[in-house]
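Peer 1: Sharing a structure here in structure tokens format.
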Amino acid sequence: MLRRRRGRLSDKPGTFDPEDRSRVKYTKVGVWDLYEEIPRELEHVPGASRVEQILEIKQNLPYLWRMMKDIASIRSCWFLLCGYAFVHLLLSLLPAINLWYSGQMLTIVQIAVDTRTVDKQLLLRIAAGRIVTMTLQRFLRLCSSRAQIPLERRLKQHFTQHIFRARARLDLPTFDDPAVQRQLAGATPPGGRTVAALTLRMIMDLMSACVYVVSQLGVLVSVLSEQPDGPLLSVLMLGAAFLQHMHTMGQLTIARVWAATTKNEDYLRMQGYKRIVNDSEHRKELLAGNLAGYLISQFVAAAKRLGDDEGDFRELNSTRLMSGKFHLISFLKGPLSELPQILFTLRAAQRPASIPVSLASLQLIQSTANSFTWELYKIYEQTTGIAEQLADVRKLYDIAEIPNRIPDGTEPFPEDAQKIRAGIELEFRNVSFRYPGADNYALHNVSFRLVAGQLCVIVGSNGSGKSTILKLIVRLYDPEEGQILLDGRDIRTLKLHDLRQATSVLFQDYTHFPLSIRDNIALGDPEHASDNSRIERAAALGGASEFIARLPDGLDTYLERPVQDHYGDIPAGTHTLFGRKVDYGALRAAGGMSSTANMGLSGGQMQRLAVARTFMRSVVADEPKVGLLLFDEPSASLDPTAEHDLFVRLRELRGNKTMLFSSHRFGNLTRHADMILYMSDAVIVESGTHEQLLARDGEYARIWKLQAQAFL
Ligand SMILES: Nc1ncnc2c1ncn2[C@@H]1O[C@H](COP(=O)(O)OP(=O)(O)OP(=O)(O)O)[C@@H](O)[C@H]1O
């Protein structure tokens, strides 16, 4: 039964079943288990993979065309692009001109040997010509780099915006999907380069290589046709040079589909230990727990046990691939490269009079054959490069089309903008939900209804599903079953933008953007981001004004600067370098440079900022757009006074907005709630007002008493 299932699985395209030994080869590489796909029969046929690549190139050509059109649409690139292409074309013609001059030189030598006279005019012309081509080559290279740098910068600017847009539009389940993350990472080559620049370079290189090969071939034929044994020598040399390149490249090819994993406990723990010692987030516990000695001894012991097996997969695998394999070509290439010399010697013995000429032609042909075959081989090999580059172009455009898992609705919300003042009605109808990839329900058959303007508090143990309810209301995820209704309408039918505009949510794990405090608050209501009085009011309502005023840069303080100043490649705060004193303090003051250290705020201060952002969105606005306020543990990090003040302010300012809180604290909020939902293990187990739930004497009453007892 299992075998049949396995067979069926591995026949499906793209299925990679590591247990199917007929399709998957297993190799132990140090601590790693490597599974490689065994290519199908057709793939053993020489050139079959190349055909596949050519088909792939053909498929991706429309994307290349699209990129070319995109590049052509950047007006500031036009002049640079034409100049760059023209210079490249000229550069690729120069080697053929040089070769032609070399051929002319040979003719002169040959005439000199035969007639003992030198054509001085021709010699001077050749010398002048060579000097001119050399100078021209240098000049053209300079022009090429002059055009290339600004051209690539402009391409980078253009395509950075494309990537920014593509990333910004993704919803949470899509963005969190590792496959999507890989796709996004694949669209941006490492090292700050851009797909567009690399593609342009590839096209230019390809164009140059073709011009180079055709022109070189023309000149080579004309030079060789006049030389004795020229054709035979060139065939031998071309063959030897080609084999040499094939051998070098062939060694570096690896299987296309593979996966590697490690289950080695020692290796896993060693990597864990390394992270503990390297990352600053663990330093506090490392020191306070006196862990250094223990970690060192464990690390050393594990390293000893592993010996040479320990190592990063890529490193171990490349050593394995490089280490001596038997290759027939590697044995043949030596004798083959000697063949032309042997032939030359034999010929010289036959015809001693032609030795100088043959020596010169041998030299010319050998060097030309090498560069010519290299160029030819590069074109052949470039099919892989071109296929990969075009695949990168496709990836770049594909990221803009990644479908979001949360489909947008079509209906505007609310129908009547004025109605929002009276709050929004919220209803969950038999809602069940599991996080992507999870087996257990985070919410199971949850139903409740909140009338417009009501205040509801969800309480319950850790992991019972409280935050999930809030996330589903703003459609970070969609339920698997059931319906969520706002004012009686299924939220899946509403335009996402409108739905999120009408709600305001403060997450438990709220974020702080790597921007200034002002921007952090302003982003609560992007439409009024430049309205300073609103920002200041929101800061005051969030209880953040006082500590902001104490910061040296006030609202303009960066909590975490996304860009660091540069200090001669040394970290800020360095005081001595090579025994010399260095102090950038005066320079920092003169240049108005801000401190590069991140501003340390307490957890409570951070939370006040997050609350201020929520207030900016919901209560500071003149025109209320928000009718439903959602708060996930808004006071978890606040001191009791701040918590009390926050709830008083919320009650005063909310108007008629509907409010939903998730909280662990009973008292301040629950006593004022119109409805309390008590959750446990993904379901609502009790619901009612504080008094009703106390009278019921269930779980809520038990925890209420537990918390109350602490104060008795
Ligand atoms: N992003 C996620 N991916 C997978 N599972 C998740 C995710 N977020 C939460 N869960 C799981 O869903 C369940 C409900 O989580 P939820 O955050 O709603 O609990 P909660 O009641 O808000 O807990 P707490 O009181 O600790 O904040 C938990 O079992 C949790 O492990």
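Going through the structure tokens in order, the chains are called A, B, and so on, while each chain numbers its residues from 1 and the ligands are numbered from 1 in the order shown.
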Taking the DSSP secondary structure from the backbone, can you list the residues of range 112-321 of chain A that are strand (DSSP E), as a list in words?
Peer 2: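 So, restricting range 112-321 of chain A to strand (DSSP E), we get Trp258, Ala259, Ala260 and Thr261 of chain A.
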Peer 1: Report as CSV the residues of chain A within 9 Å of ligand 1, each with its shortest atom pair and distance in Å (one decimal), using only C-alpha atoms and all ligand atoms, ordered by chain and increasing residue number.
Peer 2:
residue,atom,partner,partner_atom_place_in_ligand_line,distance
A:Pro173,CA,ligand 1,1 (N),8.8
A:Asp176,CA,ligand 1,1 (N),8.7
A:Arg434,CA,ligand 1,12 (O),7.4
A:Tyr435,CA,ligand 1,4 (C),4.7
A:Pro436,CA,ligand 1,4 (C),6.6
A:Gly437,CA,ligand 1,4 (C),7.3
A:Ala438,CA,ligand 1,4 (C),6.0
A:Asn440,CA,ligand 1,29 (O),7.4
A:Tyr441,CA,ligand 1,12 (O),7.2
A:Ala442,CA,ligand 1,13 (C),4.3
A:Leu443,CA,ligand 1,14 (C),7.2
A:Ile458,CA,ligand 1,21 (O),8.7
A:Val459,CA,ligand 1,21 (O),7.8
A:Gly460,CA,ligand 1,21 (O),6.4
A:Ser461,CA,ligand 1,25 (O),5.6
A:Asn462,CA,ligand 1,25 (O),3.6
A:Gly463,CA,ligand 1,19 (O),3.3
A:Ser464,CA,ligand 1,21 (O),3.9
A:Gly465,CA,ligand 1,18 (O),3.2
A:Lys466,CA,ligand 1,21 (O),3.8
A:Ser467,CA,ligand 1,22 (O),3.7
A:Thr468,CA,ligand 1,18 (O),3.7
A:Ile469,CA,ligand 1,18 (O),6.7
A:Leu470,CA,ligand 1,18 (O),8.3
A:Lys471,CA,ligand 1,18 (O),8.3
A:Gln508,CA,ligand 1,27 (O),7.1
A:Asp632,CA,ligand 1,22 (O),7.7
A:Glu633,CA,ligand 1,27 (O),7.7
A:Ser662,CA,ligand 1,22 (O),7.2
A:Ser663,CA,ligand 1,25 (O),7.4
A:His664,CA,ligand 1,25 (O),6.9
A:Met679,CA,ligand 1,21 (O),7.6
A:Ser680,CA,ligand 1,21 (O),8.1
A:Asp681,CA,ligand 1,29 (O),7.7
A:Ala682,CA,ligand 1,14 (C),6.8
Peer 1: Write out the residues from the selection above, keeping N, CA and C atoms, as a tab-separated table (two decimals), in the first residue's frame.
Peer 2:
chain	number	residue	atom	x	y	z
A	173	PRO	N	-0.52	36.09	5.48
A	173	PRO	CA	-0.22	34.68	5.20
A	173	PRO	C	0.68	34.51	3.98
A	176	ASP	N	4.24	35.61	5.02
A	176	ASP	CA	4.87	34.67	5.96
A	176	ASP	C	5.24	33.34	5.31
A	434	ARG	N	-7.67	27.79	11.77
A	434	ARG	CA	-6.35	27.24	12.11
A	434	ARG	C	-5.30	28.08	11.39
A	435	TYR	N	-4.19	28.38	12.06
A	435	TYR	CA	-3.12	29.11	11.41
A	435	TYR	C	-2.54	28.25	10.29
A	436	PRO	N	-2.00	28.89	9.23
A	436	PRO	CA	-1.46	28.11	8.11
A	436	PRO	C	-0.44	27.08	8.62
A	437	GLY	N	-0.63	25.84	8.25
A	437	GLY	CA	0.31	24.78	8.61
A	437	GLY	C	0.05	24.18	9.99
A	438	ALA	N	-0.88	24.77	10.79
A	438	ALA	CA	-1.13	24.24	12.14
A	438	ALA	C	-2.22	23.17	12.08
A	440	ASN	N	-3.92	22.26	15.02
A	440	ASN	CA	-4.94	22.58	16.03
A	440	ASN	C	-5.69	23.86	15.69
A	441	TYR	N	-6.94	23.85	16.10
A	441	TYR	CA	-7.74	25.05	15.89
A	441	TYR	C	-7.30	26.16	16.85
A	442	ALA	N	-7.16	27.39	16.33
A	442	ALA	CA	-6.91	28.54	17.21
A	442	ALA	C	-8.26	29.10	17.66
A	443	LEU	N	-9.28	28.90	16.81
A	443	LEU	CA	-10.67	29.24	17.19
A	443	LEU	C	-11.55	28.10	16.69
A	458	ILE	N	-12.40	40.27	26.10
A	458	ILE	CA	-12.18	38.83	25.98
A	458	ILE	C	-11.10	38.46	26.98
A	459	VAL	N	-11.39	37.52	27.84
A	459	VAL	CA	-10.40	37.05	28.81
A	459	VAL	C	-10.19	35.55	28.61
A	460	GLY	N	-9.12	35.05	29.21
A	460	GLY	CA	-8.86	33.61	29.07
A	460	GLY	C	-7.37	33.33	29.17
A	461	SER	N	-7.04	32.05	29.22
A	461	SER	CA	-5.64	31.67	29.44
A	461	SER	C	-4.79	31.94	28.20
A	462	ASN	N	-3.46	31.82	28.36
A	462	ASN	CA	-2.54	32.01	27.25
A	462	ASN	C	-2.86	31.02	26.13
A	463	GLY	N	-2.86	31.53	24.91
A	463	GLY	CA	-3.05	30.65	23.75
A	463	GLY	C	-4.48	30.20	23.55
A	464	SER	N	-5.45	30.85	24.25
A	464	SER	CA	-6.83	30.39	24.13
A	464	SER	C	-7.51	30.93	22.86
A	465	GLY	N	-6.89	31.94	22.20
A	465	GLY	CA	-7.44	32.41	20.93
A	465	GLY	C	-7.91	33.86	20.95
A	466	LYS	N	-7.59	34.60	22.00
A	466	LYS	CA	-8.07	35.98	22.12
A	466	LYS	C	-7.54	36.88	20.99
A	467	SER	N	-6.20	36.85	20.83
A	467	SER	CA	-5.61	37.72	19.79
A	467	SER	C	-6.10	37.31	18.41
A	468	THR	N	-6.33	36.01	18.24
A	468	THR	CA	-6.75	35.53	16.93
A	468	THR	C	-8.08	36.18	16.52
A	469	ILE	N	-8.97	36.37	17.49
A	469	ILE	CA	-10.26	37.00	17.18
A	469	ILE	C	-10.01	38.39	16.56
A	470	LEU	N	-9.09	39.15	17.17
A	470	LEU	CA	-8.82	40.50	16.65
A	470	LEU	C	-8.20	40.43	15.25
A	471	LYS	N	-7.30	39.46	15.07
A	471	LYS	CA	-6.64	39.37	13.76
A	471	LYS	C	-7.63	39.02	12.65
A	508	GLN	N	-0.90	43.15	20.41
A	508	GLN	CA	-0.12	42.83	21.61
A	508	GLN	C	1.37	42.95	21.28
A	632	ASP	N	-5.36	44.70	21.94
A	632	ASP	CA	-4.87	43.43	22.46
A	632	ASP	C	-3.89	43.73	23.59
A	633	GLU	N	-4.31	43.51	24.81
A	633	GLU	CA	-3.45	43.77	25.97
A	633	GLU	C	-2.81	45.15	25.91
A	662	SER	N	-8.70	42.50	24.44
A	662	SER	CA	-8.26	41.20	24.94
A	662	SER	C	-7.42	41.53	26.15
A	663	SER	N	-7.65	40.84	27.26
A	663	SER	CA	-6.92	41.22	28.46
A	663	SER	C	-6.78	40.05	29.43
A	664	HIS	N	-5.71	40.14	30.24
A	664	HIS	CA	-5.55	39.17	31.32
A	664	HIS	C	-5.96	39.78	32.65
A	679	MET	N	-12.56	32.72	27.30
A	679	MET	CA	-12.13	31.71	26.31
A	679	MET	C	-11.20	30.69	26.93
A	680	SER	N	-11.30	29.48	26.43
A	680	SER	CA	-10.37	28.44	26.82
A	680	SER	C	-10.22	27.48	25.65
A	681	ASP	N	-8.99	27.18	25.30
A	681	ASP	CA	-8.71	26.23	24.21
A	681	ASP	C	-9.55	26.45	22.96
A	682	ALA	N	-9.49	27.65	22.44
A	682	ALA	CA	-10.10	27.98	21.15
A	682	ALA	C	-11.62	28.12	21.16
Peer 1: Taking the backbone alone, and naming residues the way the document does, which bits of range 376-536 of chain A are helix (DSSP H, G or I) by DSSP, as a short mmCIF file (atom, residue, chain, number, x, y, z; two decimals) with N, CA and C atoms, in the first residue's frame?
Peer 2:
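After the write, out_15.cif holds the following:
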data_model
loop_
_atom_site.label_atom_id
_atom_site.label_comp_id
_atom_site.auth_asym_id
_atom_site.auth_seq_id
_atom_site.Cartn_x
_atom_site.Cartn_y
_atom_site.Cartn_z
N LEU A 376 34.11 31.20 -27.75
CA LEU A 376 33.07 30.30 -28.27
C LEU A 376 32.45 29.49 -27.14
N TYR A 377 33.35 28.97 -26.30
CA TYR A 377 32.87 28.14 -25.19
C TYR A 377 31.99 28.96 -24.24
N LYS A 378 32.41 30.24 -24.09
CA LYS A 378 31.63 31.10 -23.20
C LYS A 378 30.21 31.27 -23.73
N ILE A 379 30.11 31.42 -25.06
CA ILE A 379 28.77 31.57 -25.65
C ILE A 379 27.97 30.30 -25.39
N TYR A 380 28.63 29.14 -25.60
CA TYR A 380 27.96 27.86 -25.36
C TYR A 380 27.54 27.76 -23.89
N GLU A 381 28.48 28.07 -23.03
CA GLU A 381 28.20 27.96 -21.61
C GLU A 381 27.19 29.00 -21.16
N GLN A 382 27.18 30.11 -21.89
CA GLN A 382 26.28 31.18 -21.47
C GLN A 382 24.83 30.79 -21.57
N THR A 383 24.52 29.70 -22.29
CA THR A 383 23.11 29.30 -22.34
C THR A 383 22.62 29.09 -20.90
N THR A 384 23.50 28.50 -20.04
CA THR A 384 23.09 28.33 -18.64
C THR A 384 22.93 29.70 -18.00
N GLY A 385 23.97 30.54 -18.21
CA GLY A 385 23.93 31.89 -17.63
C GLY A 385 22.72 32.66 -18.13
N ILE A 386 22.46 32.56 -19.44
CA ILE A 386 21.34 33.31 -20.01
C ILE A 386 20.04 32.77 -19.44
N ALA A 387 19.94 31.42 -19.38
CA ALA A 387 18.72 30.82 -18.85
C ALA A 387 18.50 31.30 -17.41
N GLU A 388 19.58 31.32 -16.63
CA GLU A 388 19.43 31.75 -15.23
C GLU A 388 19.10 33.23 -15.14
N GLN A 389 19.77 34.02 -15.98
CA GLN A 389 19.53 35.46 -15.94
C GLN A 389 18.09 35.77 -16.33
N LEU A 390 17.62 35.09 -17.39
CA LEU A 390 16.25 35.34 -17.81
C LEU A 390 15.25 34.84 -16.77
N ALA A 391 15.64 33.75 -16.08
CA ALA A 391 14.77 33.28 -15.00
C ALA A 391 14.71 34.34 -13.91
N ASP A 392 15.84 35.03 -13.67
CA ASP A 392 15.85 36.11 -12.68
C ASP A 392 14.94 37.26 -13.11
N VAL A 393 14.96 37.54 -14.42
CA VAL A 393 14.09 38.61 -14.92
C VAL A 393 12.63 38.23 -14.68
N ARG A 394 12.35 36.96 -14.95
CA ARG A 394 10.98 36.48 -14.74
C ARG A 394 10.60 36.61 -13.26
N LYS A 395 11.54 36.21 -12.39
CA LYS A 395 11.25 36.29 -10.94
C LYS A 395 10.97 37.73 -10.53
N LEU A 396 11.74 38.64 -11.11
CA LEU A 396 11.58 40.05 -10.76
C LEU A 396 10.17 40.53 -11.09
N TYR A 397 9.66 40.09 -12.25
CA TYR A 397 8.31 40.52 -12.61
C TYR A 397 7.25 39.69 -11.89
N ASP A 398 7.59 38.42 -11.62
CA ASP A 398 6.60 37.56 -10.95
C ASP A 398 6.25 38.06 -9.55
N ILE A 399 7.23 38.68 -8.87
CA ILE A 399 6.91 39.09 -7.48
C ILE A 399 5.80 40.14 -7.44
N ALA A 400 5.65 40.86 -8.56
CA ALA A 400 4.58 41.86 -8.57
C ALA A 400 3.22 41.20 -8.75
N GLU A 401 3.24 39.92 -9.14
CA GLU A 401 1.98 39.22 -9.42
C GLU A 401 1.66 38.17 -8.36
N ALA A 417 -21.25 57.16 5.72
CA ALA A 417 -20.07 57.55 6.51
C ALA A 417 -20.48 58.11 7.88
N GLN A 418 -21.64 58.73 7.95
CA GLN A 418 -22.07 59.33 9.21
C GLN A 418 -22.41 58.28 10.26
N LYS A 419 -22.81 57.10 9.77
CA LYS A 419 -23.26 56.05 10.69
C LYS A 419 -22.14 55.53 11.58
N ILE A 420 -20.91 55.77 11.10
CA ILE A 420 -19.76 55.24 11.81
C ILE A 420 -19.65 55.84 13.20
N ARG A 421 -20.21 57.07 13.35
CA ARG A 421 -20.17 57.74 14.66
C ARG A 421 -20.90 56.90 15.72
N ALA A 422 -21.90 56.17 15.27
CA ALA A 422 -22.70 55.39 16.22
C ALA A 422 -22.09 54.02 16.49
N LYS A 466 -7.59 34.60 22.00
CA LYS A 466 -8.07 35.98 22.12
C LYS A 466 -7.54 36.88 20.99
N SER A 467 -6.20 36.85 20.83
CA SER A 467 -5.61 37.72 19.79
C SER A 467 -6.10 37.31 18.41
N THR A 468 -6.33 36.01 18.24
CA THR A 468 -6.75 35.53 16.93
C THR A 468 -8.08 36.18 16.52
N ILE A 469 -8.97 36.37 17.49
CA ILE A 469 -10.26 37.00 17.18
C ILE A 469 -10.01 38.39 16.56
N LEU A 470 -9.09 39.15 17.17
CA LEU A 470 -8.82 40.50 16.65
C LEU A 470 -8.20 40.43 15.25
N LYS A 471 -7.30 39.46 15.07
CA LYS A 471 -6.64 39.37 13.76
C LYS A 471 -7.63 39.02 12.65
N LEU A 472 -8.62 38.21 13.00
CA LEU A 472 -9.60 37.83 11.97
C LEU A 472 -10.51 39.00 11.61
N ILE A 473 -10.77 39.88 12.60
CA ILE A 473 -11.68 41.00 12.30
C ILE A 473 -11.07 41.93 11.25
N ILE A 491 -17.53 40.29 6.15
CA ILE A 491 -16.38 41.16 5.89
C ILE A 491 -15.61 40.77 4.63
N ARG A 492 -15.82 39.53 4.16
CA ARG A 492 -15.11 39.13 2.93
C ARG A 492 -15.65 39.84 1.69
N THR A 493 -16.86 40.40 1.83
CA THR A 493 -17.43 41.09 0.66
C THR A 493 -16.99 42.56 0.64
N LEU A 496 -11.15 45.71 1.29
CA LEU A 496 -10.20 45.58 2.41
C LEU A 496 -9.79 46.94 2.95
N HIS A 497 -9.56 47.87 2.04
CA HIS A 497 -9.11 49.20 2.46
C HIS A 497 -10.16 49.85 3.36
N ASP A 498 -11.42 49.72 2.97
CA ASP A 498 -12.50 50.34 3.75
C ASP A 498 -12.64 49.67 5.11
N LEU A 499 -12.54 48.34 5.10
CA LEU A 499 -12.68 47.59 6.35
C LEU A 499 -11.60 48.03 7.35
N ARG A 500 -10.38 48.13 6.86
CA ARG A 500 -9.27 48.47 7.76
C ARG A 500 -9.30 49.95 8.14
N GLN A 501 -9.89 50.77 7.28
CA GLN A 501 -10.04 52.19 7.60
C GLN A 501 -11.04 52.36 8.74
N ILE A 517 9.99 59.28 16.24
CA ILE A 517 8.80 59.12 17.08
C ILE A 517 7.62 59.81 16.41
N ARG A 518 7.89 60.99 15.81
CA ARG A 518 6.82 61.74 15.14
C ARG A 518 6.18 60.85 14.06
N ASP A 519 7.02 60.24 13.23
CA ASP A 519 6.48 59.40 12.15
C ASP A 519 5.77 58.17 12.71
N ASN A 520 6.31 57.65 13.80
CA ASN A 520 5.69 56.47 14.40
C ASN A 520 4.25 56.76 14.82
N ILE A 521 4.03 57.95 15.35
CA ILE A 521 2.67 58.31 15.76
C ILE A 521 1.84 58.67 14.52
N ALA A 522 2.48 59.43 13.60
CA ALA A 522 1.76 59.91 12.42
C ALA A 522 1.22 58.76 11.57
N PRO A 526 -2.15 58.13 8.19
CA PRO A 526 -1.25 58.66 7.15
C PRO A 526 -1.79 59.90 6.44
N GLU A 527 -3.14 60.02 6.36
CA GLU A 527 -3.70 61.17 5.66
C GLU A 527 -3.35 62.48 6.34
N HIS A 528 -3.13 62.44 7.67
CA HIS A 528 -2.80 63.67 8.41
C HIS A 528 -1.39 63.61 8.98
N ASN A 532 1.06 68.47 12.73
CA ASN A 532 1.80 68.35 13.99
C ASN A 532 0.91 68.42 15.22
N SER A 533 -0.14 69.28 15.14
CA SER A 533 -0.96 69.43 16.34
C SER A 533 -1.68 68.12 16.66
N ARG A 534 -2.08 67.39 15.62
CA ARG A 534 -2.73 66.09 15.86
C ARG A 534 -1.74 65.12 16.49
N ILE A 535 -0.52 65.14 15.97
CA ILE A 535 0.49 64.20 16.48
C ILE A 535 0.75 64.49 17.96
N GLU A 536 0.87 65.79 18.28
CA GLU A 536 1.14 66.13 19.68
C GLU A 536 -0.03 65.75 20.58
#
Peer 1: Of the residues A:Leu494, A:Cys82, A:Ala540, A:Ile342, which is the one nearest to Glu411 in chain A, using only C-alpha atoms?
Peer 2: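 Ranking A:Leu494, A:Cys82, A:Ala540, A:Ile342 by distance to Glu411 in chain A, first place goes to A:Leu494.
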Peer 1: Using only C-alpha atoms, which residues sit within 7 Å of Val24 in chain A once same-chain residues fewer than 6 positions away are excluded, as a ChimeraX atom specification?
Peer 2: /A:18,35-38
Peer 1: Using N, CA and C atoms, can you export the residues from the last selection as a compact mmCIF listing (two decimals), in the first residue's frame?
Peer 2:
# COMPACT_ATOMS: atom_id res chain seq x y z
N PRO A 18 12.27 11.55 -0.72
CA PRO A 18 13.63 11.10 -0.38
C PRO A 18 13.74 9.60 -0.20
N TYR A 35 20.27 14.53 -0.39
CA TYR A 35 19.39 13.79 -1.30
C TYR A 35 19.42 14.49 -2.65
N GLU A 36 19.85 13.76 -3.69
CA GLU A 36 19.93 14.37 -5.02
C GLU A 36 19.00 13.63 -5.97
N GLU A 37 18.34 14.37 -6.81
CA GLU A 37 17.47 13.73 -7.79
C GLU A 37 18.34 13.06 -8.86
N ILE A 38 18.01 11.81 -9.17
CA ILE A 38 18.73 11.13 -10.25
C ILE A 38 18.05 11.53 -11.54
Peer 1: Arg405 in chain A: which residues within 9 Å, counting only C-alpha atoms, same-chain residues fewer than 6 positions away excluded, as a compact mmCIF listing (two decimals) with C-alpha atoms, in the first residue's frame?
Peer 2:
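Below is the file part.txt, written as the result:
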# COMPACT_ATOMS: atom_id res chain seq x y z
CA LEU A 170 1.49 41.41 0.25
CA ASP A 171 -0.84 40.21 2.98
CA LEU A 172 0.27 38.37 6.12
CA PRO A 173 -0.22 34.68 5.20
CA THR A 174 1.35 35.28 1.80
CA TYR A 477 -6.37 35.84 8.06
CA ASP A 478 -9.71 34.48 6.86
Peer 1: Rounded to one decimal, what separation in Å do you get between CA of Thr188 in chain A and CA of Phe159 in chain A?
Peer 2: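 One can read the CA of Thr188 in chain A to CA of Phe159 in chain A distance as 9.8 Å.
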Peer 1: Set the distance at 12 Å and use only C-alpha atoms: which residues neighbour Thr135 in chain A once local chain neighbours fewer than 6 positions away are removed? I'd like the list as a list in words.
Peer 2: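 The residues satisfying every condition are Leu91, Leu94, Ala128, Gly129, Arg141 and Leu142 of chain A.
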Peer 1: Kindly give the distance, in Å, that separates CA of Gln605 in chain A and CA of Ala544 in chain A, rounded to a single decimal.
Peer 2: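 Value for the CA of Gln605 in chain A-CA of Ala544 in chain A distance: 6.9 Å.
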